[in-house]
$ cat input-v9.txt   # compact mmCIF, C-alpha atoms and all ligand atoms
# COMPACT_ATOMS: atom_id res chain seq x y z
CA MET A 13 127.85 57.03 113.18
CA ARG A 14 124.46 58.26 111.95
CA ALA A 15 124.23 55.36 109.53
CA LEU A 16 125.11 52.90 112.29
CA SER A 17 122.38 54.05 114.67
CA ARG A 18 119.86 54.00 111.86
CA ARG A 19 120.78 50.43 111.01
CA THR A 20 120.29 49.45 114.64
CA LEU A 21 116.90 51.10 114.73
CA LEU A 22 116.02 49.43 111.50
CA GLY A 23 116.33 46.04 113.02
CA TRP A 24 114.21 47.13 115.95
CA LEU A 25 111.36 48.66 113.91
CA GLY A 26 111.30 46.06 111.20
CA PHE A 27 112.60 46.50 107.69
CA ALA A 28 109.22 46.84 105.94
CA ALA A 29 108.37 50.12 107.63
CA TRP A 30 111.42 51.83 106.15
CA PRO A 31 111.83 53.17 102.64
CA MET A 32 114.67 51.93 100.47
CA ARG A 33 116.55 55.17 100.97
CA ALA A 34 116.80 54.59 104.68
CA ALA A 35 117.91 51.04 104.10
CA ARG A 36 120.79 52.37 102.02
CA GLY A 37 121.76 54.66 104.88
CA ALA A 38 120.90 57.95 103.16
CA PRO A 39 119.14 60.73 105.12
CA ARG A 40 115.38 60.47 105.44
CA GLU A 41 113.47 62.38 102.80
CA VAL A 42 110.03 63.92 102.90
CA SER A 43 108.35 65.43 99.86
CA VAL A 44 106.22 68.56 99.85
CA SER A 45 104.30 69.35 96.71
CA ILE A 46 103.55 72.91 95.65
CA GLN A 47 100.26 72.91 93.81
CA ASN A 48 97.32 75.26 93.40
CA PHE A 49 99.31 77.95 95.15
CA ALA A 50 99.61 75.92 98.35
CA PHE A 51 102.15 73.69 100.09
CA ALA A 52 100.89 70.12 100.36
CA PRO A 53 101.12 69.11 103.08
CA ALA A 54 101.43 72.49 104.76
CA ARG A 55 102.61 70.88 108.03
CA THR A 56 105.50 68.44 107.97
CA GLN A 57 107.14 66.70 110.93
CA ILE A 58 110.56 65.12 110.51
CA PRO A 59 113.43 63.87 112.66
CA ALA A 60 116.61 65.94 112.81
CA GLY A 61 118.87 65.20 109.88
CA ALA A 62 116.02 64.54 107.46
CA ARG A 63 115.65 66.24 104.13
CA VAL A 64 112.58 68.00 102.79
CA ILE A 65 112.18 68.22 99.03
CA TRP A 66 109.73 70.75 97.61
CA THR A 67 108.53 70.25 94.03
CA ASN A 68 106.67 72.96 92.15
CA GLU A 69 103.78 71.38 90.27
CA ASP A 70 102.11 74.67 89.33
CA ASP A 71 102.27 76.55 86.04
CA ALA A 72 103.53 79.52 88.03
CA PRO A 73 106.89 79.93 89.76
CA HIS A 74 107.19 79.82 93.54
CA LEU A 75 109.97 80.58 95.98
CA VAL A 76 110.35 78.73 99.28
CA VAL A 77 111.67 80.95 102.07
CA ALA A 78 112.08 80.33 105.80
CA SER A 79 110.54 83.19 107.75
CA LYS A 80 113.60 83.38 110.02
CA GLY A 81 116.10 82.91 107.21
CA ALA A 82 117.25 79.28 107.65
CA PHE A 83 116.74 78.59 103.95
CA ARG A 84 115.73 80.30 100.73
CA SER A 85 115.22 78.65 97.36
CA SER A 86 115.78 80.33 94.05
CA ALA A 87 112.70 80.85 91.87
CA LEU A 88 111.24 77.41 91.19
CA ASP A 89 109.71 77.08 87.76
CA THR A 90 107.31 74.25 86.93
CA GLY A 91 108.91 70.92 87.86
CA ASP A 92 111.83 72.48 89.71
CA THR A 93 112.74 71.19 93.16
CA PHE A 94 114.36 72.67 96.24
CA GLN A 95 115.71 70.63 99.11
CA PHE A 96 116.97 71.40 102.55
CA VAL A 97 118.38 69.13 105.29
CA PHE A 98 117.12 70.07 108.75
CA ARG A 99 119.88 69.35 111.27
CA GLU A 100 118.60 71.47 114.15
CA PRO A 101 115.39 70.53 115.97
CA GLY A 102 112.76 73.25 116.07
CA SER A 103 109.85 74.75 114.22
CA TYR A 104 110.55 76.27 110.81
CA ASP A 105 107.83 78.51 109.42
CA TYR A 106 108.16 79.15 105.72
CA PHE A 107 106.26 80.87 102.93
CA CYS A 108 106.41 81.72 99.25
CA ALA A 109 108.24 85.00 98.66
CA LEU A 110 106.20 85.52 95.48
CA HIS A 111 102.82 84.65 96.99
CA PRO A 112 103.17 85.20 100.73
CA HIS A 113 99.68 83.89 101.47
CA MET A 114 101.25 80.46 100.79
CA GLN A 115 102.57 79.25 104.15
CA GLY A 116 103.91 76.04 105.67
CA VAL A 117 105.82 74.75 108.67
CA VAL A 118 108.43 72.04 109.15
CA THR A 119 108.70 70.68 112.68
CA VAL A 120 112.01 68.97 113.36
CA THR A 121 112.08 66.61 116.34
CA ALA A 122 115.22 65.76 118.28
CA GLU A 123 114.65 62.00 118.25
CA ALA A 124 116.43 61.06 115.06
CA GLY A 125 114.87 57.98 113.56
CA ARG A 126 111.35 58.45 114.87
CA GLY A 127 108.88 58.21 112.01
CA ALA A 128 107.95 61.31 110.10
CA GLU A 129 104.30 62.32 110.17
CA THR A 130 104.16 62.80 106.43
CA GLY A 131 106.64 60.10 105.56
CA ASP A 132 106.03 56.40 105.38
CA HIS A 133 103.53 55.72 108.16
CA MET B 19 92.32 70.77 88.96
CA ALA B 20 89.02 72.69 88.81
CA SER B 21 85.78 70.79 88.50
CA LYS B 22 83.54 71.23 85.48
CA ASP B 23 81.09 73.28 87.51
CA ALA B 24 83.82 75.61 88.67
CA HIS B 25 84.84 76.12 85.04
CA VAL B 26 81.37 77.17 83.98
CA GLY B 27 81.01 79.57 86.88
CA ARG B 28 84.41 81.05 86.25
CA ARG B 29 83.70 81.60 82.59
CA GLN B 30 80.40 83.28 83.24
CA VAL B 31 81.98 85.66 85.70
CA LEU B 32 84.81 86.48 83.33
CA GLU B 33 82.52 87.05 80.37
CA CYS B 34 80.55 89.44 82.49
CA MET B 35 83.71 91.26 83.55
CA ALA B 36 85.02 91.35 80.00
CA TRP B 37 81.83 93.00 78.85
CA ALA B 38 82.00 95.58 81.62
CA GLY B 39 85.67 96.17 81.00
CA THR B 40 85.84 96.49 77.26
CA GLY B 41 82.69 98.38 76.51
CA ALA B 42 82.37 101.14 79.01
CA LEU B 43 84.17 104.39 79.31
CA TRP B 44 84.21 105.69 82.85
CA THR B 45 84.84 109.26 83.76
CA ILE B 46 85.15 111.09 87.01
CA SER B 47 83.64 114.49 87.43
CA GLY B 48 82.34 116.04 90.60
CA GLY B 49 83.11 112.81 92.41
CA THR B 50 80.47 110.80 90.55
CA PRO B 51 81.37 108.19 87.99
CA HIS B 52 79.44 108.22 84.74
CA ALA B 53 79.50 105.61 82.06
CA LEU B 54 79.58 107.70 78.93
CA GLY B 55 78.93 104.97 76.43
CA LEU B 56 80.60 102.37 74.32
CA LEU B 57 84.11 102.59 73.03
CA GLY B 58 83.17 103.87 69.57
CA GLN B 59 81.01 106.70 70.88
CA ALA B 60 83.56 107.59 73.50
CA ARG B 61 86.26 108.01 70.89
CA ALA B 62 84.07 110.39 68.99
CA GLU B 63 83.17 112.42 72.09
CA THR B 64 86.60 112.67 73.63
CA ALA B 65 89.00 115.14 72.13
CA ALA B 66 91.87 114.26 74.39
CA PRO B 67 94.99 116.37 74.10
CA PHE B 68 96.88 113.92 76.28
CA THR B 69 96.70 110.15 76.11
CA PHE B 70 98.92 107.50 77.62
CA LEU B 71 98.77 103.73 77.53
CA GLN B 72 99.07 101.02 80.12
CA ILE B 73 100.34 97.53 79.37
CA SER B 74 100.91 94.93 82.06
CA ASP B 75 101.98 91.42 82.94
CA SER B 76 103.81 90.53 79.74
CA HIS B 77 105.48 87.57 81.53
CA ILE B 78 108.13 87.13 78.85
CA GLY B 79 109.51 83.61 79.28
CA PHE B 80 106.13 82.06 80.08
CA ASP B 81 105.50 79.13 77.72
CA LYS B 82 102.90 76.97 79.46
CA ALA B 83 99.47 75.87 78.22
CA ALA B 84 97.76 79.15 79.06
CA ASN B 85 99.91 80.82 76.37
CA PRO B 86 102.82 78.96 74.78
CA ASP B 87 104.21 82.20 73.32
CA ALA B 88 103.94 85.23 75.60
CA LEU B 89 106.40 87.14 73.41
CA ALA B 90 104.09 86.81 70.39
CA THR B 91 101.12 88.31 72.23
CA LEU B 92 103.27 91.15 73.57
CA ARG B 93 104.33 91.86 70.00
CA GLU B 94 100.68 91.84 68.92
CA THR B 95 99.94 94.34 71.68
CA ILE B 96 102.72 96.61 70.48
CA ALA B 97 101.47 96.30 66.90
CA LYS B 98 98.11 97.59 68.15
CA VAL B 99 99.88 100.52 69.77
CA ARG B 100 101.65 101.33 66.51
CA ALA B 101 98.37 101.17 64.63
CA MET B 102 96.67 103.76 66.83
CA PRO B 103 95.55 106.75 64.81
CA ALA B 104 96.58 109.21 67.53
CA ARG B 105 100.04 108.77 68.97
CA PRO B 106 99.94 108.38 72.76
CA ALA B 107 102.32 110.52 74.84
CA PHE B 108 103.96 107.53 76.51
CA MET B 109 103.32 104.11 77.95
CA ILE B 110 103.44 102.64 81.44
CA HIS B 111 104.13 98.96 82.14
CA THR B 112 102.72 97.87 85.49
CA GLY B 113 105.07 94.97 86.07
CA ASP B 114 105.71 91.30 85.55
CA ILE B 115 107.63 92.29 82.47
CA THR B 116 109.33 88.90 82.69
CA HIS B 117 108.28 85.55 84.10
CA LEU B 118 111.52 84.63 85.91
CA SER B 119 113.65 87.82 85.97
CA ARG B 120 116.11 86.31 83.50
CA ALA B 121 118.35 88.66 81.51
CA SER B 122 117.22 87.06 78.25
CA GLU B 123 113.58 87.67 79.20
CA PHE B 124 114.24 91.35 79.98
CA ASP B 125 116.13 91.61 76.66
CA GLN B 126 113.24 90.17 74.66
CA ALA B 127 110.70 92.37 76.44
CA ASP B 128 112.83 95.46 75.82
CA ALA B 129 113.22 94.68 72.14
CA ALA B 130 109.48 94.09 71.68
CA ILE B 131 108.36 97.16 73.64
CA ARG B 132 110.90 99.42 71.94
CA GLU B 133 109.02 98.77 68.69
CA ALA B 134 106.21 100.97 70.01
CA GLY B 135 108.49 103.96 69.70
CA LEU B 136 107.10 105.37 72.93
CA GLU B 137 108.85 106.35 76.11
CA THR B 138 107.89 103.65 78.62
CA PHE B 139 107.76 103.92 82.41
CA TYR B 140 108.00 100.73 84.43
CA VAL B 141 107.30 99.43 87.89
CA PRO B 142 108.36 95.90 88.83
CA GLY B 143 106.10 92.94 89.45
CA GLU B 144 107.09 90.15 91.82
CA HIS B 145 108.26 88.12 88.81
CA ASP B 146 110.78 90.85 87.96
CA VAL B 147 112.64 90.72 91.28
CA ILE B 148 113.38 87.00 91.68
CA ASP B 149 116.93 87.10 90.31
CA GLU B 150 119.71 86.16 92.71
CA GLY B 151 120.18 89.87 93.48
CA ARG B 152 116.48 90.16 94.45
CA GLY B 153 115.67 92.97 92.06
CA ARG B 154 119.19 94.06 91.09
CA SER B 155 118.61 93.11 87.42
CA TYR B 156 115.43 95.17 87.31
CA LEU B 157 117.04 98.21 88.95
CA ASP B 158 120.08 98.04 86.69
CA ARG B 159 117.78 98.32 83.69
CA TYR B 160 114.91 100.51 84.84
CA GLY B 161 115.91 102.09 88.13
CA LYS B 162 118.35 104.77 87.03
CA ASN B 163 116.14 107.65 88.15
CA ALA B 164 114.31 105.75 90.85
CA LYS B 165 114.51 105.60 94.63
CA GLY B 166 114.64 102.52 96.84
CA ALA B 167 113.36 99.41 95.11
CA GLY B 168 112.35 101.45 92.06
CA TRP B 169 109.76 104.09 92.95
CA TYR B 170 109.68 107.55 91.32
CA SER B 171 107.39 110.29 90.10
CA PHE B 172 107.17 112.57 87.11
CA ASP B 173 104.89 115.22 85.62
CA ALA B 174 103.24 114.99 82.23
CA GLY B 175 100.30 116.69 80.55
CA GLY B 176 99.42 118.62 83.70
CA ALA B 177 99.13 115.44 85.77
CA HIS B 178 101.48 114.06 88.40
CA PHE B 179 102.47 110.41 87.98
CA VAL B 180 103.69 108.26 90.87
CA GLY B 181 105.19 104.82 90.18
CA LEU B 182 105.26 102.58 93.26
CA VAL B 183 106.82 99.23 94.19
CA ASN B 184 104.77 96.83 96.32
CA VAL B 185 106.44 93.52 95.42
CA VAL B 186 109.65 93.38 97.47
CA ASP B 187 110.38 92.04 100.97
CA LEU B 188 106.91 90.54 101.22
CA GLU B 189 106.09 89.04 104.60
CA ALA B 190 104.65 85.61 105.40
CA GLY B 191 100.87 85.68 105.32
CA GLY B 192 100.83 89.24 104.00
CA LEU B 193 99.78 90.97 100.81
CA GLY B 194 101.72 93.43 98.69
CA LYS B 195 103.78 95.91 100.69
CA LEU B 196 105.01 99.47 100.15
CA GLY B 197 106.95 99.78 103.39
CA PRO B 198 107.61 102.80 105.63
CA GLU B 199 110.47 104.22 103.57
CA GLN B 200 108.35 104.38 100.42
CA LEU B 201 105.32 105.74 102.30
CA ALA B 202 107.48 108.55 103.72
CA TRP B 203 108.74 109.28 100.22
CA ILE B 204 105.18 109.42 98.83
CA GLU B 205 104.12 111.86 101.54
CA ASN B 206 107.08 114.07 100.74
CA ASP B 207 106.59 113.76 96.98
CA LEU B 208 102.94 114.84 97.15
CA ARG B 209 103.58 117.73 99.52
CA GLY B 210 104.37 120.17 96.72
CA GLN B 211 101.41 119.20 94.53
CA SER B 212 98.29 121.32 94.25
CA ALA B 213 95.01 119.58 95.16
CA SER B 214 93.72 120.36 91.67
CA THR B 215 96.51 118.43 89.95
CA PRO B 216 95.27 115.07 88.64
CA ILE B 217 97.29 112.30 90.28
CA VAL B 218 97.95 109.00 88.57
CA VAL B 219 99.39 106.29 90.80
CA PHE B 220 100.59 103.05 89.29
CA ALA B 221 101.95 99.89 90.89
CA HIS B 222 101.90 96.18 90.13
CA ILE B 223 99.74 94.64 92.86
CA PRO B 224 96.39 96.39 93.38
CA LEU B 225 96.72 99.03 96.09
CA TRP B 226 93.25 98.17 97.39
CA THR B 227 92.17 94.72 98.48
CA ILE B 228 90.44 92.82 95.68
CA TYR B 229 90.69 89.30 97.10
CA GLU B 230 92.68 88.68 100.25
CA PRO B 231 92.78 84.83 100.12
CA TRP B 232 94.80 85.10 96.90
CA GLY B 233 96.95 87.94 98.12
CA TRP B 234 95.32 90.41 95.72
CA GLY B 235 95.84 93.58 97.67
CA THR B 236 98.45 95.70 99.46
CA ASP B 237 98.76 95.62 103.24
CA ASP B 238 99.69 99.29 103.60
CA GLY B 239 97.88 100.42 100.44
CA LEU B 240 95.29 102.35 102.44
CA ARG B 241 98.06 104.41 104.02
CA ALA B 242 99.18 105.49 100.56
CA LEU B 243 95.60 106.21 99.50
CA SER B 244 95.00 108.31 102.61
CA LEU B 245 97.83 110.58 101.46
CA LEU B 246 95.85 111.11 98.25
CA ASN B 247 92.56 112.10 99.88
CA ARG B 248 93.00 115.82 99.37
CA PHE B 249 93.38 115.59 95.60
CA GLY B 250 90.42 116.23 93.32
CA SER B 251 91.27 113.52 90.82
CA VAL B 252 93.16 110.35 91.66
CA THR B 253 93.56 107.43 89.27
CA VAL B 254 95.09 104.18 90.56
CA LEU B 255 96.31 101.81 87.86
CA ASN B 256 97.44 98.28 88.70
CA GLY B 257 98.13 94.90 87.10
CA HIS B 258 98.92 91.54 88.71
CA ILE B 259 95.47 89.96 88.49
CA HIS B 260 95.35 89.72 84.67
CA GLN B 261 91.78 90.96 84.36
CA ILE B 262 89.86 94.18 84.60
CA VAL B 263 88.42 95.18 87.93
CA GLN B 264 87.40 98.75 88.46
CA LYS B 265 85.65 100.89 90.98
CA THR B 266 85.27 104.53 91.85
CA GLU B 267 85.23 105.91 95.36
CA GLY B 268 84.81 109.63 95.76
CA HIS B 269 87.54 111.25 93.69
CA MET B 270 89.46 108.01 93.26
CA THR B 271 89.21 105.67 90.32
CA PHE B 272 90.74 102.22 90.63
CA HIS B 273 91.45 100.09 87.61
CA THR B 274 93.41 96.92 86.94
CA ALA B 275 94.61 96.07 83.45
CA ARG B 276 94.54 92.90 81.44
CA SER B 277 97.74 90.97 80.88
CA THR B 278 99.34 90.71 77.46
CA ALA B 279 100.25 87.08 78.25
CA PHE B 280 97.51 84.99 79.90
CA PRO B 281 94.32 85.39 81.91
CA GLN B 282 93.75 84.43 85.54
CA PRO B 283 90.49 83.26 87.12
CA ALA B 284 88.06 85.75 88.59
CA PRO B 285 88.50 86.14 92.36
CA GLY B 286 87.46 82.93 94.10
CA ALA B 287 86.23 81.31 90.87
CA ALA B 288 88.95 78.61 90.95
CA PRO B 289 90.88 76.72 93.64
CA SER B 290 93.79 79.11 93.22
CA PRO B 291 95.05 82.04 91.17
CA GLY B 292 97.49 81.35 88.37
CA PRO B 293 97.54 80.97 84.59
CA MET B 294 94.07 80.09 83.30
CA VAL B 295 93.79 77.98 80.17
CA VAL B 296 91.11 79.10 77.73
CA ALA B 297 90.45 77.88 74.19
CA SER B 298 93.30 79.12 72.01
CA ASP B 299 90.92 80.95 69.68
CA LYS B 300 89.53 82.79 72.72
CA LEU B 301 92.85 83.76 74.32
CA ARG B 302 92.98 87.18 72.66
CA ASP B 303 89.60 88.07 74.16
CA TYR B 304 91.32 87.96 77.55
CA LEU B 305 94.48 89.89 76.68
CA GLY B 306 94.81 93.56 75.99
CA LEU B 307 95.92 97.05 76.83
CA THR B 308 94.48 100.16 78.45
CA ARG B 309 94.26 103.71 77.17
CA VAL B 310 93.92 106.66 79.53
CA ASP B 311 92.87 110.10 78.37
CA VAL B 312 93.72 113.04 80.59
CA ALA B 313 91.78 115.87 79.02
CA ARG B 314 93.16 118.68 81.12
CA VAL B 315 93.50 119.73 84.72
CA ASP B 316 90.24 119.26 86.67
CA SER B 317 88.44 117.44 83.92
CA PRO B 318 87.62 113.74 83.67
CA VAL B 319 90.20 111.05 83.21
CA ALA B 320 88.85 108.43 80.82
CA ILE B 321 89.97 104.82 80.90
CA VAL B 322 89.32 102.62 77.89
CA ASP B 323 90.32 98.97 77.59
CA ALA B 324 90.84 97.11 74.36
CA THR B 325 91.44 93.39 73.85
CA LEU B 326 93.93 91.89 71.44
CA ALA B 327 90.97 90.37 69.64
CA GLY B 328 89.88 93.92 68.97
CA LYS B 329 86.39 93.53 70.34
CA ALA B 330 85.04 96.60 72.07
CU CU C 1 104.22 81.27 95.16
$ encode --input "input-v9.txt" --output "structure tokens"
Amino acid sequence: MRALSRRTLLGWLGFAAWPMRAARGAPREVSVSIQNFAFAPARTQIPAGARVIWTNEDDAPHLVVASKGAFRSSALDTGDTFQFVFREPGSYDYFCALHPHMQGVVTVTAEAGRGAETGDH
Amino acid sequence: MASKDAHVGRRQVLECMAWAGTGALWTISGGTPHALGLLGQARAETAAPFTFLQISDSHIGFDKAANPDALATLRETIAKVRAMPARPAFMIHTGDITHLSRASEFDQADAAIREAGLETFYVPGEHDVIDEGRGRSYLDRYGKNAKGAGWYSFDAGGAHFVGLVNVVDLEAGGLGKLGPEQLAWIENDLRGQSASTPIVVFAHIPLWTIYEPWGWGTDDGLRALSLLNRFGSVTVLNGHIHQIVQKTEGHMTFHTARSTAFPQPAPGAAPSPGPMVVASDKLRDYLGLTRVDVARVDSPVAIVDATLAGKA
């Protein structure tokens, strides 16, 4: 069902605007890098059902935690990743449980299929 | 990462701090700090009946460029302890024993520190409470006589020692945190102490704010310090920032210790905190341990830092 609607949209938006993942019917993915003790980008907007993948590129471990408890990574050492699929629309504030001055937010929009701010556009 | 200019600035600041930290012996008497002199002189002048050591931030498990072998430098630190002519009464470790709270890391740290042959009192750093049980591993090992997340107190050499935990349940955007339960315990713990008893408080993250943008402080640290106002001699020993920063305010002396594993940039001297790479033949200038002499009740507490390189 999800794959079907995406394929329909794909035809409408034009194939070139979509990453290969989407063409294969997998959930949308957005990457957030953790570097210099900060989330980059700190603000991410995605459609419901998309996946955010955090990658720790620091020489220090970090731990990605939703302020209201929706998700919590284990300790991410250098090169480790954590991913979470956001099914519910809303605003998800998160921070690093080791270095709480590190903060970010994922905004999940209801319109599945609309382009992500930090994705491919 | 950092630009060349930032590197130069950072190094200058650190060299300056290293000089201030390794050479001087600070004492508190009558509320005024005095620098007594250099390490060698100080040793000759101070006949301390009671000495304890502080080590910090051993980060066992860390193997990145800033120090590929954190266990080796911890062992070097312990070798220095063993070589001391006068045997210290005990040792405190102000946290970040391990890098990732792994059982194997705790095991290696234990084995290395045991070689000192000294009773060792611990408080956890944030790196020691990131196991799945969020601090369970730490408490199983070190928390037998502790309350809450691992806080406790004890008396030694006429002084009262208070070990605090400010690294658990941290809140978004915040600094270190003691929390209301621990603050209530501190108040109760200090109630029975005479104002003339020297108080030594130790915790991982500095209890006073050193640099807020990097989280180098404790949100409710001032509330703990206000409970200590009535005491004639208060010494606050912290780790976390992997460099010496010290100040004296009234009867309170604040001091942060070097790491035994790797240095971090001076506050604001780099884009972010974190392991700082220095030339490998310079690393041991940035690592070290701290000696504290408590002469007797109502007399000065002396804090002396030594690097692994042995330069005073
Ligand atoms: Cu972090």
$ interface_residues --input "input-v9.txt" --of "chain B" --to "chain A" --cutoff "10 Å" --atoms "only C-alpha atoms" --output "PyMOL selection string"
chain B and resi 19-20+80-84+117-119+143-145+147-150+152+185-194+230-234+288-294
$ atom_distance --input "input-v9.txt" --atom1 "atom CA of B:Ala327" --atom2 "atom CA of B:Ala221"
25.7 Å
$ residues_around --input "input-v9.txt" --residues "B:Ala90" --least-positions-apart "5" --cutoff "10 Å" --atoms "all atoms listed in the file" --output "list of chain:residue names"
B:Ile78, B:Asn85, B:Thr95, B:Ile96, B:Ala130, B:Thr278, B:Ala279
$ atom_distance --input "input-v9.txt" --atom1 "atom CA of A:Phe94" --atom2 "atom CA of A:Arg55"
16.7 Å
$ atom_distance --input "input-v9.txt" --atom1 "atom CA of A:Pro101" --atom2 "atom CA of A:Ile58"
9.1 Å
$ residues_around --input "input-v9.txt" --residues "B:Glu137" --least-positions-apart "4" --cutoff "8 Å" --atoms "all atoms listed in the file" --output "MDAnalysis selection string"
chainID B and resid 107:109
$ write_last_selection --input "input-v9.txt" --atoms "C-alpha atoms" --output "CSV table (one decimal), in the frame of the given file"
chain,number,residue,atom,x,y,z
B,107,ALA,CA,102.3,110.5,74.8
B,108,PHE,CA,104.0,107.5,76.5
B,109,MET,CA,103.3,104.1,78.0
$ residues_around --input "input-v9.txt" --residues "stretch 91-93 of chain A" --least-positions-apart "3" --cutoff "6 Å" --atoms "all atoms listed in the file" --output "number ranges by chain"
A: 66-69, 88
$ closest_residue --input "input-v9.txt" --among "A:Ile46, A:Ala52, A:Ala62, A:Val97" --to "ligand CU 1 (chain C)" --atoms "all atoms listed in the file"
A:Ile46
$ residues_around --input "input-v9.txt" --residues "B:Thr325" --least-positions-apart "3" --cutoff "7 Å" --atoms "all atoms listed in the file" --output "PyMOL selection string"
chain B and resi 302-307+328-329
$ residues_around --input "input-v9.txt" --residues "B:Phe172" --least-positions-apart "3" --cutoff "12 Å" --atoms "all atoms listed in the file" --output "PDB file with C-alpha atoms, keeping the file's coordinate frame"
ATOM      1  CA  PHE B 139     107.760 103.920  82.410  1.00  0.00           C
ATOM      2  CA  ASN B 163     116.140 107.650  88.150  1.00  0.00           C
ATOM      3  CA  ALA B 164     114.310 105.750  90.850  1.00  0.00           C
ATOM      4  CA  TRP B 169     109.760 104.090  92.950  1.00  0.00           C
ATOM      5  CA  GLY B 175     100.300 116.690  80.550  1.00  0.00           C
ATOM      6  CA  GLY B 176      99.420 118.620  83.700  1.00  0.00           C
ATOM      7  CA  ALA B 177      99.130 115.440  85.770  1.00  0.00           C
ATOM      8  CA  HIS B 178     101.480 114.060  88.400  1.00  0.00           C
ATOM      9  CA  PHE B 179     102.470 110.410  87.980  1.00  0.00           C
ATOM     10  CA  VAL B 180     103.690 108.260  90.870  1.00  0.00           C
ATOM     11  CA  GLY B 181     105.190 104.820  90.180  1.00  0.00           C
ATOM     12  CA  LEU B 182     105.260 102.580  93.260  1.00  0.00           C
ATOM     13  CA  ASP B 207     106.590 113.760  96.980  1.00  0.00           C
ATOM     14  CA  LEU B 208     102.940 114.840  97.150  1.00  0.00           C
ATOM     15  CA  GLN B 211     101.410 119.200  94.530  1.00  0.00           C
ATOM     16  CA  ILE B 217      97.290 112.300  90.280  1.00  0.00           C
ATOM     17  CA  VAL B 218      97.950 109.000  88.570  1.00  0.00           C
ATOM     18  CA  VAL B 219      99.390 106.290  90.800  1.00  0.00           C
ATOM     19  CA  PHE B 220     100.590 103.050  89.290  1.00  0.00           C
TER      20      PHE B 220
END
$ closest_residue --input "input-v9.txt" --among "A:Ile65, A:Val76, A:Glu100, A:Ala122" --to "ligand CU 1 (chain C)" --atoms "only C-alpha atoms and all ligand atoms"
A:Val76
$ decode --input "input-v9.txt" --residues "stretch 130-134 of chain B" --atoms "all heavy atoms" --output "JSON list (two decimals), in the first residue's frame"
[["chain", "number", "residue", "atom", "x", "y", "z"],
["B", 130, "ALA", "N", 44.47, -2.39, 36.84],
["B", 130, "ALA", "CA", 45.57, -1.41, 36.81],
["B", 130, "ALA", "C", 45.61, -0.60, 38.10],
["B", 130, "ALA", "O", 46.69, -0.39, 38.68],
["B", 130, "ALA", "CB", 45.41, -0.48, 35.61],
["B", 131, "ILE", "N", 44.45, -0.16, 38.58],
["B", 131, "ILE", "CA", 44.40, 0.72, 39.75],
["B", 131, "ILE", "C", 44.75, -0.05, 41.02],
["B", 131, "ILE", "O", 45.38, 0.47, 41.94],
["B", 131, "ILE", "CB", 43.02, 1.41, 39.84],
["B", 131, "ILE", "CG1", 42.88, 2.41, 38.68],
["B", 131, "ILE", "CG2", 42.84, 2.11, 41.17],
["B", 131, "ILE", "CD1", 41.49, 2.94, 38.46],
["B", 132, "ARG", "N", 44.39, -1.33, 41.04],
["B", 132, "ARG", "CA", 44.70, -2.17, 42.20],
["B", 132, "ARG", "C", 46.21, -2.23, 42.46],
["B", 132, "ARG", "O", 46.65, -2.37, 43.60],
["B", 132, "ARG", "CB", 44.14, -3.58, 41.99],
["B", 132, "ARG", "CG", 43.90, -4.34, 43.28],
["B", 132, "ARG", "CD", 43.29, -5.72, 43.01],
["B", 132, "ARG", "NE", 42.08, -5.65, 42.20],
["B", 132, "ARG", "CZ", 41.91, -6.32, 41.06],
["B", 132, "ARG", "NH1", 42.87, -7.10, 40.59],
["B", 132, "ARG", "NH2", 40.77, -6.22, 40.39],
["B", 133, "GLU", "N", 46.99, -2.09, 41.40],
["B", 133, "GLU", "CA", 48.45, -2.14, 41.52],
["B", 133, "GLU", "C", 49.00, -1.03, 42.43],
["B", 133, "GLU", "O", 50.11, -1.14, 42.94],
["B", 133, "GLU", "CB", 49.11, -2.02, 40.14],
["B", 133, "GLU", "CG", 48.92, -3.25, 39.26],
["B", 133, "GLU", "CD", 49.63, -4.46, 39.82],
["B", 133, "GLU", "OE1", 50.82, -4.34, 40.14],
["B", 133, "GLU", "OE2", 48.98, -5.52, 39.97],
["B", 134, "ALA", "N", 48.22, 0.03, 42.62],
["B", 134, "ALA", "CA", 48.66, 1.11, 43.50],
["B", 134, "ALA", "C", 48.71, 0.65, 44.95],
["B", 134, "ALA", "O", 49.42, 1.22, 45.77],
["B", 134, "ALA", "CB", 47.75, 2.32, 43.36]]
